[in-house]
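The next block is target_9.pdb, given as PDB, C-alpha atoms and all ligand atoms.
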```
ATOM      1  CA  MET W   1       1.577  -9.568 -30.777  1.00  0.00           C
ATOM      2  CA  SER W   2      -1.981  -9.984 -29.553  1.00  0.00           C
ATOM      3  CA  GLU W   3      -1.942  -6.693 -27.733  1.00  0.00           C
ATOM      4  CA  THR W   4      -0.923  -3.322 -29.053  1.00  0.00           C
ATOM      5  CA  PHE W   5       0.996  -0.859 -26.958  1.00  0.00           C
ATOM      6  CA  THR W   6       0.589   2.212 -29.109  1.00  0.00           C
ATOM      7  CA  ASP W   7      -0.068   4.333 -26.043  1.00  0.00           C
ATOM      8  CA  ARG W   8       3.102   3.028 -24.393  1.00  0.00           C
ATOM      9  CA  VAL W   9       5.531   2.622 -27.254  1.00  0.00           C
ATOM     10  CA  PRO W  10       6.882   5.808 -28.835  1.00  0.00           C
ATOM     11  CA  PRO W  11       7.053   6.183 -32.626  1.00  0.00           C
ATOM     12  CA  GLY W  12       9.744   4.162 -34.374  1.00  0.00           C
ATOM     13  CA  GLN W  13      10.332   1.842 -31.399  1.00  0.00           C
ATOM     14  CA  THR W  14       9.962  -1.970 -31.212  1.00  0.00           C
ATOM     15  CA  VAL W  15       9.333  -3.841 -27.968  1.00  0.00           C
ATOM     16  CA  THR W  16      12.025  -6.327 -26.968  1.00  0.00           C
ATOM     17  CA  GLU W  17      11.833  -8.995 -24.281  1.00  0.00           C
ATOM     18  CA  GLY W  18      15.597  -9.062 -23.854  1.00  0.00           C
ATOM     19  CA  PHE W  19      17.762  -6.478 -22.186  1.00  0.00           C
ATOM     20  CA  PRO W  20      20.391  -5.338 -24.689  1.00  0.00           C
ATOM     21  CA  VAL W  21      23.686  -3.973 -23.373  1.00  0.00           C
ATOM     22  CA  LEU W  22      24.883  -0.750 -24.956  1.00  0.00           C
ATOM     23  CA  HIS W  23      27.715   1.536 -23.997  1.00  0.00           C
ATOM     24  CA  TYR W  24      30.906   3.169 -25.105  1.00  0.00           C
ATOM     25  CA  GLY W  25      34.116   2.007 -23.458  1.00  0.00           C
ATOM     26  CA  SER W  26      34.675  -0.851 -21.035  1.00  0.00           C
ATOM     27  CA  VAL W  27      32.685  -2.259 -18.116  1.00  0.00           C
ATOM     28  CA  PRO W  28      34.370  -1.114 -14.891  1.00  0.00           C
ATOM     29  CA  ILE W  29      35.673  -3.726 -12.480  1.00  0.00           C
ATOM     30  CA  TYR W  30      35.297  -2.768  -8.821  1.00  0.00           C
ATOM     31  CA  ARG W  31      37.748  -4.465  -6.492  1.00  0.00           C
ATOM     32  CA  ASP W  32      37.226  -2.263  -3.448  1.00  0.00           C
ATOM     33  CA  MET W  33      33.892  -0.556  -2.831  1.00  0.00           C
ATOM     34  CA  ASP W  34      35.530   1.606  -0.140  1.00  0.00           C
ATOM     35  CA  LYS W  35      37.036   3.556  -3.037  1.00  0.00           C
ATOM     36  CA  TRP W  36      33.654   4.207  -4.676  1.00  0.00           C
ATOM     37  CA  ASP W  37      31.834   7.448  -4.036  1.00  0.00           C
ATOM     38  CA  LEU W  38      29.123   9.558  -5.563  1.00  0.00           C
ATOM     39  CA  ARG W  39      29.840  13.289  -5.710  1.00  0.00           C
ATOM     40  CA  LEU W  40      27.235  16.047  -5.866  1.00  0.00           C
ATOM     41  CA  PHE W  41      29.011  19.161  -7.040  1.00  0.00           C
ATOM     42  CA  GLY W  42      28.857  22.332  -9.104  1.00  0.00           C
ATOM     43  CA  LEU W  43      26.166  24.855  -8.182  1.00  0.00           C
ATOM     44  CA  VAL W  44      25.514  23.596  -4.646  1.00  0.00           C
ATOM     45  CA  GLU W  45      26.100  25.494  -1.409  1.00  0.00           C
ATOM     46  CA  GLU W  46      28.314  22.655  -0.214  1.00  0.00           C
ATOM     47  CA  GLU W  47      29.617  19.765  -2.297  1.00  0.00           C
ATOM     48  CA  ILE W  48      29.159  16.292  -0.870  1.00  0.00           C
ATOM     49  CA  SER W  49      30.542  12.856  -1.518  1.00  0.00           C
ATOM     50  CA  ILE W  50      28.602   9.749  -0.457  1.00  0.00           C
ATOM     51  CA  GLY W  51      30.492   6.482   0.037  1.00  0.00           C
ATOM     52  CA  TYR W  52      29.157   3.132  -1.149  1.00  0.00           C
ATOM     53  CA  HIS W  53      28.069   1.857   2.275  1.00  0.00           C
ATOM     54  CA  ASP W  54      26.301   5.101   3.152  1.00  0.00           C
ATOM     55  CA  PHE W  55      24.637   5.158  -0.243  1.00  0.00           C
ATOM     56  CA  MET W  56      23.317   1.626   0.239  1.00  0.00           C
ATOM     57  CA  LYS W  57      21.827   2.640   3.602  1.00  0.00           C
ATOM     58  CA  LEU W  58      19.683   5.364   2.025  1.00  0.00           C
ATOM     59  CA  PRO W  59      15.982   4.533   1.834  1.00  0.00           C
ATOM     60  CA  GLN W  60      15.191   2.668  -1.366  1.00  0.00           C
ATOM     61  CA  GLN W  61      11.957   2.573  -3.298  1.00  0.00           C
ATOM     62  CA  GLU W  62      10.509   0.499  -6.111  1.00  0.00           C
ATOM     63  CA  PHE W  63       9.860   2.063  -9.507  1.00  0.00           C
ATOM     64  CA  ARG W  64       8.158   0.508 -12.528  1.00  0.00           C
ATOM     65  CA  ASN W  65       8.699   1.996 -15.965  1.00  0.00           C
ATOM     66  CA  ASP W  66       9.293   1.519 -19.675  1.00  0.00           C
ATOM     67  CA  ILE W  67      12.637   2.337 -21.271  1.00  0.00           C
ATOM     68  CA  HIS W  68      13.266   3.488 -24.807  1.00  0.00           C
ATOM     69  CA  CYS W  69      16.666   3.230 -26.456  1.00  0.00           C
ATOM     70  CA  VAL W  70      17.493   5.556 -29.330  1.00  0.00           C
ATOM     71  CA  THR W  71      18.583   2.504 -31.365  1.00  0.00           C
ATOM     72  CA  THR W  72      14.802   1.680 -31.488  1.00  0.00           C
ATOM     73  CA  TRP W  73      14.262  -1.000 -28.834  1.00  0.00           C
ATOM     74  CA  SER W  74      11.905  -0.433 -25.939  1.00  0.00           C
ATOM     75  CA  LYS W  75      11.607  -2.613 -22.861  1.00  0.00           C
ATOM     76  CA  LEU W  76       8.343  -2.433 -20.926  1.00  0.00           C
ATOM     77  CA  ASP W  77       7.585  -2.982 -17.247  1.00  0.00           C
ATOM     78  CA  ASN W  78      11.017  -2.734 -15.733  1.00  0.00           C
ATOM     79  CA  VAL W  79      11.000  -2.958 -11.967  1.00  0.00           C
ATOM     80  CA  TRP W  80      13.853  -1.033 -10.418  1.00  0.00           C
ATOM     81  CA  GLU W  81      14.866  -0.567  -6.831  1.00  0.00           C
ATOM     82  CA  GLY W  82      16.909   2.397  -5.870  1.00  0.00           C
ATOM     83  CA  VAL W  83      17.150   5.791  -4.302  1.00  0.00           C
ATOM     84  CA  ALA W  84      14.676   8.444  -5.400  1.00  0.00           C
ATOM     85  CA  VAL W  85      16.304  11.621  -6.655  1.00  0.00           C
ATOM     86  CA  ARG W  86      14.581  13.660  -3.969  1.00  0.00           C
ATOM     87  CA  THR W  87      16.181  11.471  -1.265  1.00  0.00           C
ATOM     88  CA  ILE W  88      19.627  12.387  -2.492  1.00  0.00           C
ATOM     89  CA  MET W  89      18.662  16.006  -3.141  1.00  0.00           C
ATOM     90  CA  ASP W  90      17.717  16.421   0.531  1.00  0.00           C
ATOM     91  CA  LYS W  91      21.468  16.315   1.205  1.00  0.00           C
ATOM     92  CA  VAL W  92      22.415  19.403  -0.802  1.00  0.00           C
ATOM     93  CA  LYS W  93      21.161  22.931  -1.227  1.00  0.00           C
ATOM     94  CA  LEU W  94      21.199  24.116  -4.821  1.00  0.00           C
ATOM     95  CA  LYS W  95      22.322  27.593  -5.757  1.00  0.00           C
ATOM     96  CA  PRO W  96      19.520  29.543  -7.453  1.00  0.00           C
ATOM     97  CA  GLU W  97      21.314  29.546 -10.829  1.00  0.00           C
ATOM     98  CA  ALA W  98      21.308  25.734 -11.058  1.00  0.00           C
ATOM     99  CA  SER W  99      19.217  24.796 -14.119  1.00  0.00           C
ATOM    100  CA  TYR W 100      20.959  21.817 -15.761  1.00  0.00           C
ATOM    101  CA  VAL W 101      22.599  18.608 -14.664  1.00  0.00           C
ATOM    102  CA  MET W 102      25.617  16.772 -16.032  1.00  0.00           C
ATOM    103  CA  LEU W 103      25.770  13.119 -15.010  1.00  0.00           C
ATOM    104  CA  HIS W 104      29.323  11.789 -14.735  1.00  0.00           C
ATOM    105  CA  ALA W 105      30.067   8.092 -15.125  1.00  0.00           C
ATOM    106  CA  GLU W 106      33.275   6.055 -14.973  1.00  0.00           C
ATOM    107  CA  GLU W 107      35.905   6.776 -17.621  1.00  0.00           C
ATOM    108  CA  GLY W 108      34.723  10.360 -18.006  1.00  0.00           C
ATOM    109  CA  TRP W 109      31.489   9.431 -19.815  1.00  0.00           C
ATOM    110  CA  THR W 110      28.834  12.135 -19.367  1.00  0.00           C
ATOM    111  CA  THR W 111      25.274  13.003 -20.312  1.00  0.00           C
ATOM    112  CA  ASN W 112      23.280  16.225 -19.806  1.00  0.00           C
ATOM    113  CA  LEU W 113      19.675  16.980 -18.949  1.00  0.00           C
ATOM    114  CA  PRO W 114      17.610  19.855 -17.562  1.00  0.00           C
ATOM    115  CA  LEU W 115      17.384  20.044 -13.770  1.00  0.00           C
ATOM    116  CA  GLU W 116      13.601  19.694 -13.839  1.00  0.00           C
ATOM    117  CA  ASP W 117      13.857  16.404 -15.735  1.00  0.00           C
ATOM    118  CA  PHE W 118      16.453  15.101 -13.297  1.00  0.00           C
ATOM    119  CA  LEU W 119      14.167  16.085 -10.404  1.00  0.00           C
ATOM    120  CA  ARG W 120      11.070  14.285 -11.738  1.00  0.00           C
ATOM    121  CA  GLU W 121       9.377  11.928  -9.300  1.00  0.00           C
ATOM    122  CA  THR W 122      10.077   9.111 -11.772  1.00  0.00           C
ATOM    123  CA  SER W 123      13.877   9.613 -11.883  1.00  0.00           C
ATOM    124  CA  LEU W 124      15.984   7.349  -9.695  1.00  0.00           C
ATOM    125  CA  LEU W 125      19.440   6.084  -8.863  1.00  0.00           C
ATOM    126  CA  ALA W 126      18.948   2.372  -9.399  1.00  0.00           C
ATOM    127  CA  VAL W 127      20.737  -0.490  -7.672  1.00  0.00           C
ATOM    128  CA  LYS W 128      18.445  -3.388  -8.728  1.00  0.00           C
ATOM    129  CA  HIS W 129      16.604  -4.372 -11.894  1.00  0.00           C
ATOM    130  CA  ASN W 130      13.800  -6.952 -11.829  1.00  0.00           C
ATOM    131  CA  GLY W 131      14.767  -8.115  -8.359  1.00  0.00           C
ATOM    132  CA  GLU W 132      18.502  -8.616  -8.953  1.00  0.00           C
ATOM    133  CA  LEU W 133      21.456  -6.362  -8.227  1.00  0.00           C
ATOM    134  CA  LEU W 134      22.503  -4.569 -11.399  1.00  0.00           C
ATOM    135  CA  THR W 135      24.952  -6.669 -13.369  1.00  0.00           C
ATOM    136  CA  PRO W 136      28.305  -5.036 -14.223  1.00  0.00           C
ATOM    137  CA  GLU W 137      27.143  -4.590 -17.854  1.00  0.00           C
ATOM    138  CA  HIS W 138      23.963  -2.792 -16.806  1.00  0.00           C
ATOM    139  CA  GLY W 139      25.676  -0.335 -14.468  1.00  0.00           C
ATOM    140  CA  TYR W 140      26.632  -1.917 -11.129  1.00  0.00           C
ATOM    141  CA  PRO W 141      26.680  -0.524  -8.499  1.00  0.00           C
ATOM    142  CA  VAL W 142      24.516   2.518  -9.308  1.00  0.00           C
ATOM    143  CA  ARG W 143      22.976   3.783 -12.514  1.00  0.00           C
ATOM    144  CA  MET W 144      20.714   6.694 -13.249  1.00  0.00           C
ATOM    145  CA  VAL W 145      17.266   5.901 -14.664  1.00  0.00           C
ATOM    146  CA  VAL W 146      15.352   8.749 -16.329  1.00  0.00           C
ATOM    147  CA  PRO W 147      12.576   6.820 -18.041  1.00  0.00           C
ATOM    148  CA  HIS W 148      10.869   9.712 -19.833  1.00  0.00           C
ATOM    149  CA  LEU W 149      13.970  10.449 -21.953  1.00  0.00           C
ATOM    150  CA  TYR W 150      15.834   8.132 -24.344  1.00  0.00           C
ATOM    151  CA  PHE W 151      17.824   5.603 -22.372  1.00  0.00           C
ATOM    152  CA  TRP W 152      21.241   7.090 -23.184  1.00  0.00           C
ATOM    153  CA  LYS W 153      20.437   9.765 -20.567  1.00  0.00           C
ATOM    154  CA  SER W 154      20.400   6.970 -17.952  1.00  0.00           C
ATOM    155  CA  ALA W 155      24.098   6.917 -17.082  1.00  0.00           C
ATOM    156  CA  LYS W 156      25.479   3.568 -15.975  1.00  0.00           C
ATOM    157  CA  TRP W 157      28.305   3.472 -13.379  1.00  0.00           C
ATOM    158  CA  LEU W 158      27.245   6.845 -12.048  1.00  0.00           C
ATOM    159  CA  ARG W 159      29.907   8.664  -9.990  1.00  0.00           C
ATOM    160  CA  GLY W 160      28.958  12.329 -10.111  1.00  0.00           C
ATOM    161  CA  ILE W 161      26.020  14.701 -10.390  1.00  0.00           C
ATOM    162  CA  GLU W 162      27.045  18.191 -11.418  1.00  0.00           C
ATOM    163  CA  PHE W 163      24.700  21.173 -11.281  1.00  0.00           C
ATOM    164  CA  LEU W 164      25.150  23.817 -13.980  1.00  0.00           C
ATOM    165  CA  ALA W 165      23.669  27.189 -14.905  1.00  0.00           C
ATOM    166  CA  SER W 166      23.489  26.427 -18.627  1.00  0.00           C
ATOM    167  CA  ASP W 167      23.209  23.364 -20.823  1.00  0.00           C
ATOM    168  CA  LYS W 168      26.377  21.639 -22.025  1.00  0.00           C
ATOM    169  CA  PRO W 169      26.567  18.559 -24.254  1.00  0.00           C
ATOM    170  CA  GLY W 170      27.635  15.252 -22.727  1.00  0.00           C
ATOM    171  CA  PHE W 171      29.469  12.450 -24.515  1.00  0.00           C
ATOM    172  CA  TRP W 172      26.880  11.355 -27.085  1.00  0.00           C
ATOM    173  CA  GLU W 173      25.401  14.835 -27.331  1.00  0.00           C
ATOM    174  CA  ARG W 174      28.816  16.111 -28.523  1.00  0.00           C
ATOM    175  CA  ASN W 175      28.683  13.341 -31.105  1.00  0.00           C
ATOM    176  CA  GLY W 176      25.347  14.328 -32.649  1.00  0.00           C
ATOM    177  CA  TYR W 177      22.754  12.988 -30.216  1.00  0.00           C
ATOM    178  CA  HIS W 178      19.933  15.316 -29.258  1.00  0.00           C
ATOM    179  CA  MET W 179      20.478  17.672 -26.307  1.00  0.00           C
ATOM    180  CA  TYR W 180      17.128  16.665 -24.758  1.00  0.00           C
ATOM    181  CA  GLY W 181      16.069  13.292 -26.227  1.00  0.00           C
ATOM    182  CA  ASP W 182      12.282  13.028 -25.870  1.00  0.00           C
ATOM    183  CA  PRO W 183      11.276   9.617 -27.302  1.00  0.00           C
ATOM    184  CA  TRP W 184       7.690  10.777 -27.964  1.00  0.00           C
ATOM    185  CA  GLU W 185       9.038  13.560 -30.193  1.00  0.00           C
ATOM    186  CA  GLU W 186      11.688  11.248 -31.710  1.00  0.00           C
ATOM    187  CA  GLN W 187      14.483  13.598 -30.660  1.00  0.00           C
ATOM    188  CA  ARG W 188      17.165  11.102 -31.621  1.00  0.00           C
ATOM    189  CA  TYR W 189      19.954  12.986 -33.371  1.00  0.00           C
ATOM    190  CA  ASP W 190      20.499  16.682 -33.801  1.00  0.00           C
ATOM    191  CA  PHE W 191      21.942  16.328 -37.294  1.00  0.00           C
ATOM    192  CA  ASP W 192      18.682  15.069 -38.812  1.00  0.00           C
TER
HETATM  193  N1  LIG I   1      28.376   5.188 -18.357  1.00  0.00           N
HETATM  194  C1  LIG I   1      27.643   4.977 -19.461  1.00  0.00           C
HETATM  195  N2  LIG I   1      26.313   4.964 -19.329  1.00  0.00           N
HETATM  196  C2  LIG I   1      25.541   4.745 -20.408  1.00  0.00           C
HETATM  197  C3  LIG I   1      26.121   4.570 -21.688  1.00  0.00           C
HETATM  198  C4  LIG I   1      27.536   4.610 -21.798  1.00  0.00           C
HETATM  199  O1  LIG I   1      28.120   4.489 -22.887  1.00  0.00           O
HETATM  200  N3  LIG I   1      28.262   4.811 -20.640  1.00  0.00           N
HETATM  201  N4  LIG I   1      25.313   4.351 -22.779  1.00  0.00           N
HETATM  202  C5  LIG I   1      23.921   4.779 -22.674  1.00  0.00           C
HETATM  203  C6  LIG I   1      23.128   4.198 -23.719  1.00  0.00           C
HETATM  204  S1  LIG I   1      23.421   4.779 -25.279  1.00  0.00           S
HETATM  205  C7  LIG I   1      22.127   3.311 -23.468  1.00  0.00           C
HETATM  206  S2  LIG I   1      21.046   2.838 -24.685  1.00  0.00           S
HETATM  207  C8  LIG I   1      21.956   2.701 -22.132  1.00  0.00           C
HETATM  208  C9  LIG I   1      21.986   1.205 -22.231  1.00  0.00           C
HETATM  209  O2  LIG I   1      21.801   0.618 -20.973  1.00  0.00           O
HETATM  210  P1  LIG I   1      21.826  -0.943 -20.852  1.00  0.00           P
HETATM  211  O3  LIG I   1      23.160  -1.414 -21.403  1.00  0.00           O
HETATM  212  O4  LIG I   1      21.634  -1.258 -19.417  1.00  0.00           O
HETATM  213  O5  LIG I   1      20.692  -1.473 -21.715  1.00  0.00           O
HETATM  214  O6  LIG I   1      22.956   3.119 -21.228  1.00  0.00           O
HETATM  215  C10 LIG I   1      23.296   4.469 -21.310  1.00  0.00           C
HETATM  216  N5  LIG I   1      24.203   4.739 -20.245  1.00  0.00           N
HETATM  217 MO    MO I   2      21.679   4.061 -26.595  1.00  0.00          MO
END
```
Would you give me this structure, written as structure tokens?
Ligand SMILES: Nc1nc2c(c(=O)[nH]1)N[C@H]1C(S)=C(S)[C@@H](COP(=O)(O)O)O[C@H]1N2
Ligand SMILES: [Mo]
Amino acid sequence: MSETFTDRVPPGQTVTEGFPVLHYGSVPIYRDMDKWDLRLFGLVEEEISIGYHDFMKLPQQEFRNDIHCVTTWSKLDNVWEGVAVRTIMDKVKLKPEASYVMLHAEEGWTTNLPLEDFLRETSLLAVKHNGELLTPEHGYPVRMVVPHLYFWKSAKWLRGIEFLASDKPGFWERNGYHMYGDPWEEQRYDFD
């Protein structure tokens, strides 16, 4: 590599040009988007459910970021299009106790993060990557992208956003992954 990216690549990571596919379970097949919805629930004044067509009508923005997978690959300069978290958060009123978020994906897969990390300006609900609709493997129709945490926090096939008063482990977190997952601090696994 002629250029070094030490300021952009966290410790222990290697830059890849590819886009590896990583997940537990199977890639969902959507036959009828009328049956898809995204639920915002838990510690909100009123729970809401947004259908696919309404979701796709929400204003979308472009985001550019680097992603860091706990299995040590990083992919730089991703261009995503999607809905900013604050756009979706305009639709609900949080209860004052809300401090954590559980993201719910298809097949009951979950991941947890603090509310303030979810609410960062850089967090988005992505529908496109590098100009193309997300492929089924990468999370079609909607995936979370939280670029400042390890990429396992970026739930593919997102279906629910739950607001909680206290932190609870999601799927990988129950299986030894770090509760927070800061790549710059190498918060990979809690058992080491
Ligand atoms: N629904 C769901 N989302 C998921 C996962 C999963 O198993 N299920 N795996 C996570 C992990 S461990 C990683 S590294 C990234 C991989 O995303 P990619 O396959 O688009 O590279 O998705 C994350 N989101
Ligand atoms: Mo991962």
Centre and edges of the range 131-140 of chain W box, axis-aligned, 8 Å extra per side, as AutoDock Vina command-line options:
```
--center_x 21.5 --center_y -4.5 --center_z -13.0 --size_x 29.5 --size_y 24.3 --size_z 25.6
```
Within 9 Å of ligand MO 2 (chain I) (only C-alpha atoms and all ligand atoms), residues as a PDB file with C-alpha atoms, in the frame of the given file:
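Generated file (result_22.pdb):
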```pdb
ATOM      1  CA  VAL W  21      23.686  -3.973 -23.373  1.00  0.00           C
ATOM      2  CA  LEU W  22      24.883  -0.750 -24.956  1.00  0.00           C
ATOM      3  CA  HIS W  23      27.715   1.536 -23.997  1.00  0.00           C
ATOM      4  CA  HIS W  68      13.266   3.488 -24.807  1.00  0.00           C
ATOM      5  CA  CYS W  69      16.666   3.230 -26.456  1.00  0.00           C
ATOM      6  CA  VAL W  70      17.493   5.556 -29.330  1.00  0.00           C
ATOM      7  CA  THR W  71      18.583   2.504 -31.365  1.00  0.00           C
ATOM      8  CA  THR W  72      14.802   1.680 -31.488  1.00  0.00           C
ATOM      9  CA  TYR W 150      15.834   8.132 -24.344  1.00  0.00           C
ATOM     10  CA  PHE W 151      17.824   5.603 -22.372  1.00  0.00           C
ATOM     11  CA  TRP W 152      21.241   7.090 -23.184  1.00  0.00           C
ATOM     12  CA  LYS W 153      20.437   9.765 -20.567  1.00  0.00           C
ATOM     13  CA  TRP W 172      26.880  11.355 -27.085  1.00  0.00           C
TER      14      TRP W 172
END
```
Step by step, measure atom-to-atom distances between ligand LIG 1 (chain I) and each residue using only C-alpha atoms and all ligand atoms, keep those at most 10 Å, then write them as a PDB file with C-alpha atoms, in the frame of the given file.
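Produced file out-v8.pdb, reproduced below:
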```pdb
ATOM      1  CA  GLY W  18      15.597  -9.062 -23.854  1.00  0.00           C
ATOM      2  CA  PHE W  19      17.762  -6.478 -22.186  1.00  0.00           C
ATOM      3  CA  PRO W  20      20.391  -5.338 -24.689  1.00  0.00           C
ATOM      4  CA  VAL W  21      23.686  -3.973 -23.373  1.00  0.00           C
ATOM      5  CA  LEU W  22      24.883  -0.750 -24.956  1.00  0.00           C
ATOM      6  CA  HIS W  23      27.715   1.536 -23.997  1.00  0.00           C
ATOM      7  CA  TYR W  24      30.906   3.169 -25.105  1.00  0.00           C
ATOM      8  CA  GLY W  25      34.116   2.007 -23.458  1.00  0.00           C
ATOM      9  CA  SER W  26      34.675  -0.851 -21.035  1.00  0.00           C
ATOM     10  CA  VAL W  27      32.685  -2.259 -18.116  1.00  0.00           C
ATOM     11  CA  PRO W  28      34.370  -1.114 -14.891  1.00  0.00           C
ATOM     12  CA  ILE W  67      12.637   2.337 -21.271  1.00  0.00           C
ATOM     13  CA  HIS W  68      13.266   3.488 -24.807  1.00  0.00           C
ATOM     14  CA  CYS W  69      16.666   3.230 -26.456  1.00  0.00           C
ATOM     15  CA  VAL W  70      17.493   5.556 -29.330  1.00  0.00           C
ATOM     16  CA  THR W  71      18.583   2.504 -31.365  1.00  0.00           C
ATOM     17  CA  THR W  72      14.802   1.680 -31.488  1.00  0.00           C
ATOM     18  CA  TRP W  73      14.262  -1.000 -28.834  1.00  0.00           C
ATOM     19  CA  SER W  74      11.905  -0.433 -25.939  1.00  0.00           C
ATOM     20  CA  LYS W  75      11.607  -2.613 -22.861  1.00  0.00           C
ATOM     21  CA  LEU W 103      25.770  13.119 -15.010  1.00  0.00           C
ATOM     22  CA  HIS W 104      29.323  11.789 -14.735  1.00  0.00           C
ATOM     23  CA  ALA W 105      30.067   8.092 -15.125  1.00  0.00           C
ATOM     24  CA  GLU W 106      33.275   6.055 -14.973  1.00  0.00           C
ATOM     25  CA  GLU W 107      35.905   6.776 -17.621  1.00  0.00           C
ATOM     26  CA  GLY W 108      34.723  10.360 -18.006  1.00  0.00           C
ATOM     27  CA  TRP W 109      31.489   9.431 -19.815  1.00  0.00           C
ATOM     28  CA  THR W 110      28.834  12.135 -19.367  1.00  0.00           C
ATOM     29  CA  THR W 111      25.274  13.003 -20.312  1.00  0.00           C
ATOM     30  CA  HIS W 129      16.604  -4.372 -11.894  1.00  0.00           C
ATOM     31  CA  LEU W 134      22.503  -4.569 -11.399  1.00  0.00           C
ATOM     32  CA  THR W 135      24.952  -6.669 -13.369  1.00  0.00           C
ATOM     33  CA  PRO W 136      28.305  -5.036 -14.223  1.00  0.00           C
ATOM     34  CA  GLU W 137      27.143  -4.590 -17.854  1.00  0.00           C
ATOM     35  CA  HIS W 138      23.963  -2.792 -16.806  1.00  0.00           C
ATOM     36  CA  GLY W 139      25.676  -0.335 -14.468  1.00  0.00           C
ATOM     37  CA  TYR W 140      26.632  -1.917 -11.129  1.00  0.00           C
ATOM     38  CA  ARG W 143      22.976   3.783 -12.514  1.00  0.00           C
ATOM     39  CA  MET W 144      20.714   6.694 -13.249  1.00  0.00           C
ATOM     40  CA  VAL W 145      17.266   5.901 -14.664  1.00  0.00           C
ATOM     41  CA  TYR W 150      15.834   8.132 -24.344  1.00  0.00           C
ATOM     42  CA  PHE W 151      17.824   5.603 -22.372  1.00  0.00           C
ATOM     43  CA  TRP W 152      21.241   7.090 -23.184  1.00  0.00           C
ATOM     44  CA  LYS W 153      20.437   9.765 -20.567  1.00  0.00           C
ATOM     45  CA  SER W 154      20.400   6.970 -17.952  1.00  0.00           C
ATOM     46  CA  ALA W 155      24.098   6.917 -17.082  1.00  0.00           C
ATOM     47  CA  LYS W 156      25.479   3.568 -15.975  1.00  0.00           C
ATOM     48  CA  TRP W 157      28.305   3.472 -13.379  1.00  0.00           C
ATOM     49  CA  LEU W 158      27.245   6.845 -12.048  1.00  0.00           C
ATOM     50  CA  ARG W 159      29.907   8.664  -9.990  1.00  0.00           C
ATOM     51  CA  PHE W 171      29.469  12.450 -24.515  1.00  0.00           C
ATOM     52  CA  TRP W 172      26.880  11.355 -27.085  1.00  0.00           C
ATOM     53  CA  TYR W 177      22.754  12.988 -30.216  1.00  0.00           C
TER      54      TYR W 177
END
```
Using the chain letters and numbers from this file, what does the PyMOL selection byres (((chain W and resi 76) around 9) and not hetatm) select? Give the answer as JSON, numbers by chain.
{"W": [8, 9, 15, 16, 17, 64, 65, 66, 67, 68, 74, 75, 77, 78]}
Quick one, how far is CA of Glu46 in chain W from CA of Met33 in chain W?
24.0 Å
Interatomic distance between CA of Leu164 in chain W and CA of Gln61 in chain W?
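Straight-line distance from CA of Leu164 in chain W to CA of Gln61 in chain W works out to 27.2 Å.
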